Amino acid sequence: LVMALMQDDPVPVLALRHGMLWTRRYSPLSQPVPADRQGRRVFLITGGLGAVGFGMAHYIARTFSADLVLVRRPGVIPVQREAHYQERLAALRELGGRVEVIQADVCDRESLHAALAGISLQGLQPDCFVHAAGMSGNSTLQWLNKTSSADWQRLMALTWAGARHLHEWFSTRPLQFGCFVSSLAVLAGGLGLAPYAAANEACATWSAAASESCPYFAIDWDGWEGWEQSQSFKYG
């Protein structure tokens with residue numbers, strides 16, 4: 001370790017683990033998105049009307065002039081939240097692209113695949129996806145001594161089961177890339193975030209394991225705030 005640090009051109013990031021030195025390197029995606037691809041891209045975004053999903057949907061629609069298919073969970077929600085969702089939907093449609101919303105439970109394979117089959121019949125074939133469905137805010141806190149394994153599984157299902165069902169759908173269809181929204185909690189941890197971190201790590205591991213045959217990647221985001229005000233990614 002001393003010899004490595006005393007080199008004339010020292011490595012900026014160096015880790016000593018179990019007696020071995022590790023350096024950080026980056027490799028390009030094996031299947032980059034073609035820059036000259038013809039036609040409009042169609043993005044599938046799970047959790048597309050939530051805080052994270054909407055932020056990414058807005059950026060994608062504005063940057064790539066893409067059409068969007070947003071997945072939202074079935075069921076009745078409070079009036080105020082529904083009004084907020086409709087405001088977000090209107091903001092996306094103002095950008096000029098086609099925006100469709102499908103109701104499906106990403107934890108339920110049949111529900112998700114049926115909804116995707118239905119939107120395909122309407123002429124929208126998603127060829128990129130962003131998996132942003134998942135718990136957020138206080139719902140991510142699960143204290144190990146105050147919750148059960150059933151509570152942890154409900155928290156993990158949106159992230160992990162959703163990733164598996166998306167992989168099954170796109171395994172037989174053209175896909176430019178798939179982005180899994182993960183969390184910095186998988187690296188930094190946090191009080192009460194063990195199940196949440198595990199769910200995101202499982203999703204990130206899934207994307208890494210399949211990345212050699214599928215154009216997948218995961219992003220370990222920090223906290224999100226202020227998208228509607230600044231239209232930029234800021235961390236809390």
# chains A, B, ... in the order shown; residues from 1 in each chain; ligands from 1

$ select_by_dssp --residues "segment 49-170 of chain A" --states "alpha helix (DSSP H)" --output "NGL selection string"
:A and (51-64 or 79-93 or 109-121 or 149-170)

$ select_by_dssp --residues "segment 1-232 of chain A" --states "strand (DSSP E)" --output "PyMOL selection string"
chain A and resi 14-17+20-23+42-46+67-72+99-103+128-131+177-183+216-221

$ residues_around --residues "Val130 of chain A" --least-positions-apart "2" --cutoff "7 Å" --atoms "only C-alpha atoms" --output "PyMOL selection string"
chain A and resi 44-46+132+178-180

$ write_last_selection --atoms "N, CA, C and O atoms" --output "PDB file, in the first residue's frame"
ATOM      1  N   LEU A  44     -40.719   3.096 -21.375  1.00  0.00           N
ATOM      2  CA  LEU A  44     -41.610   2.590 -20.333  1.00  0.00           C
ATOM      3  C   LEU A  44     -41.017   3.000 -18.993  1.00  0.00           C
ATOM      4  O   LEU A  44     -39.844   2.731 -18.716  1.00  0.00           O
ATOM      5  N   ILE A  45     -41.815   3.666 -18.153  1.00  0.00           N
ATOM      6  CA  ILE A  45     -41.313   4.131 -16.861  1.00  0.00           C
ATOM      7  C   ILE A  45     -42.266   3.653 -15.772  1.00  0.00           C
ATOM      8  O   ILE A  45     -43.419   4.101 -15.696  1.00  0.00           O
ATOM      9  N   THR A  46     -41.803   2.736 -14.953  1.00  0.00           N
ATOM     10  CA  THR A  46     -42.617   2.293 -13.823  1.00  0.00           C
ATOM     11  C   THR A  46     -42.526   3.344 -12.714  1.00  0.00           C
ATOM     12  O   THR A  46     -41.492   3.965 -12.519  1.00  0.00           O
ATOM     13  N   ALA A 132     -38.551   2.711 -11.931  1.00  0.00           N
ATOM     14  CA  ALA A 132     -38.485   3.656 -10.819  1.00  0.00           C
ATOM     15  C   ALA A 132     -39.542   3.385  -9.762  1.00  0.00           C
ATOM     16  O   ALA A 132     -39.692   4.170  -8.823  1.00  0.00           O
ATOM     17  N   GLY A 178     -32.176  -0.771 -20.420  1.00  0.00           N
ATOM     18  CA  GLY A 178     -33.026  -0.811 -19.234  1.00  0.00           C
ATOM     19  C   GLY A 178     -32.281  -0.197 -18.063  1.00  0.00           C
ATOM     20  O   GLY A 178     -31.149  -0.583 -17.773  1.00  0.00           O
ATOM     21  N   CYS A 179     -32.907   0.774 -17.403  1.00  0.00           N
ATOM     22  CA  CYS A 179     -32.294   1.478 -16.277  1.00  0.00           C
ATOM     23  C   CYS A 179     -33.028   1.110 -14.995  1.00  0.00           C
ATOM     24  O   CYS A 179     -34.249   1.281 -14.898  1.00  0.00           O
ATOM     25  N   PHE A 180     -32.292   0.617 -14.011  1.00  0.00           N
ATOM     26  CA  PHE A 180     -32.860   0.293 -12.708  1.00  0.00           C
ATOM     27  C   PHE A 180     -32.494   1.406 -11.728  1.00  0.00           C
ATOM     28  O   PHE A 180     -31.313   1.687 -11.516  1.00  0.00           O
TER      29      PHE A 180
END

$ closest_residue --among "A:Ala66, A:Leu112, A:Leu14, A:Val52" --to "Ser183 of chain A" --atoms "only C-alpha atoms"
A:Val52

$ residues_around --residues "Ser207 of chain A" --least-positions-apart "2" --cutoff "10 Å" --atoms "only C-alpha atoms" --output "PyMOL selection string"
chain A and resi 163-164+167+178-180+201-205+209-212+214-218

$ residues_around --residues "segment 99-109 of chain A" --least-positions-apart "6" --cutoff "10 Å" --atoms "only C-alpha atoms" --output "ChimeraX atom specification"
/A:42-49,57,61,66-75,89-90,92-93,115-116,118-119,124,131,133-134,154,156-166,168-169

$ write_last_selection --atoms "C-alpha atoms" --output "short mmCIF file (atom, residue, chain, number, x, y, z; two decimals), in the first residue's frame"
data_model
loop_
_atom_site.label_atom_id
_atom_site.label_comp_id
_atom_site.auth_asym_id
_atom_site.auth_seq_id
_atom_site.Cartn_x
_atom_site.Cartn_y
_atom_site.Cartn_z
CA VAL A 42 -40.71 4.80 -26.57
CA PHE A 43 -39.81 4.72 -22.88
CA LEU A 44 -41.61 2.59 -20.33
CA ILE A 45 -41.31 4.13 -16.86
CA THR A 46 -42.62 2.29 -13.82
CA GLY A 47 -43.66 4.60 -11.03
CA GLY A 48 -43.74 7.29 -13.70
CA LEU A 49 -45.97 9.69 -11.75
CA ALA A 57 -39.83 11.05 -17.38
CA ALA A 61 -39.28 13.57 -22.83
CA ALA A 66 -39.57 10.52 -26.72
CA ASP A 67 -42.99 8.97 -26.27
CA LEU A 68 -43.75 7.73 -22.78
CA VAL A 69 -45.68 4.84 -21.28
CA LEU A 70 -46.10 5.42 -17.55
CA VAL A 71 -47.05 2.58 -15.21
CA ARG A 72 -49.11 3.45 -12.16
CA ARG A 73 -50.55 1.16 -9.51
CA PRO A 74 -54.29 0.36 -9.77
CA GLY A 75 -56.65 1.57 -7.09
CA LEU A 89 -49.25 14.22 -16.47
CA ALA A 90 -50.29 17.53 -18.03
CA LEU A 92 -45.38 15.83 -19.57
CA ARG A 93 -47.94 16.16 -22.36
CA ALA A 115 -51.11 -4.01 -19.59
CA LEU A 116 -48.00 -3.98 -21.79
CA GLY A 118 -52.65 -3.85 -24.40
CA ILE A 119 -50.55 -0.73 -25.02
CA LEU A 124 -46.71 1.88 -28.64
CA HIS A 131 -37.73 0.94 -13.38
CA ALA A 133 -41.31 1.97 -8.91
CA GLY A 134 -40.62 1.59 -5.22
CA ARG A 154 -43.82 -5.80 0.74
CA MET A 156 -38.87 -5.22 -1.58
CA ALA A 157 -41.55 -6.52 -3.94
CA LEU A 158 -41.96 -3.35 -6.03
CA THR A 159 -38.25 -3.17 -6.75
CA TRP A 160 -37.23 -6.80 -6.99
CA ALA A 161 -40.34 -8.49 -8.43
CA GLY A 162 -40.86 -5.57 -10.81
CA ALA A 163 -37.33 -5.98 -12.16
CA ARG A 164 -37.85 -9.70 -12.72
CA HIS A 165 -41.14 -9.18 -14.58
CA LEU A 166 -39.67 -6.46 -16.77
CA GLU A 168 -39.15 -11.51 -18.62
CA TRP A 169 -41.14 -9.18 -20.87
#

$ closest_residue --among "A:Ala194, A:Ala199, A:Ala114, A:Ala185" --to "Asn145 of chain A" --atoms "only C-alpha atoms"
A:Ala194

$ atom_distance --atom1 "atom CA of Leu193 of chain A" --atom2 "atom CA of Leu155 of chain A"
10.7 Å

$ atom_distance --atom1 "atom CA of Gly192 of chain A" --atom2 "atom CA of Asp222 of chain A"
16.1 Å
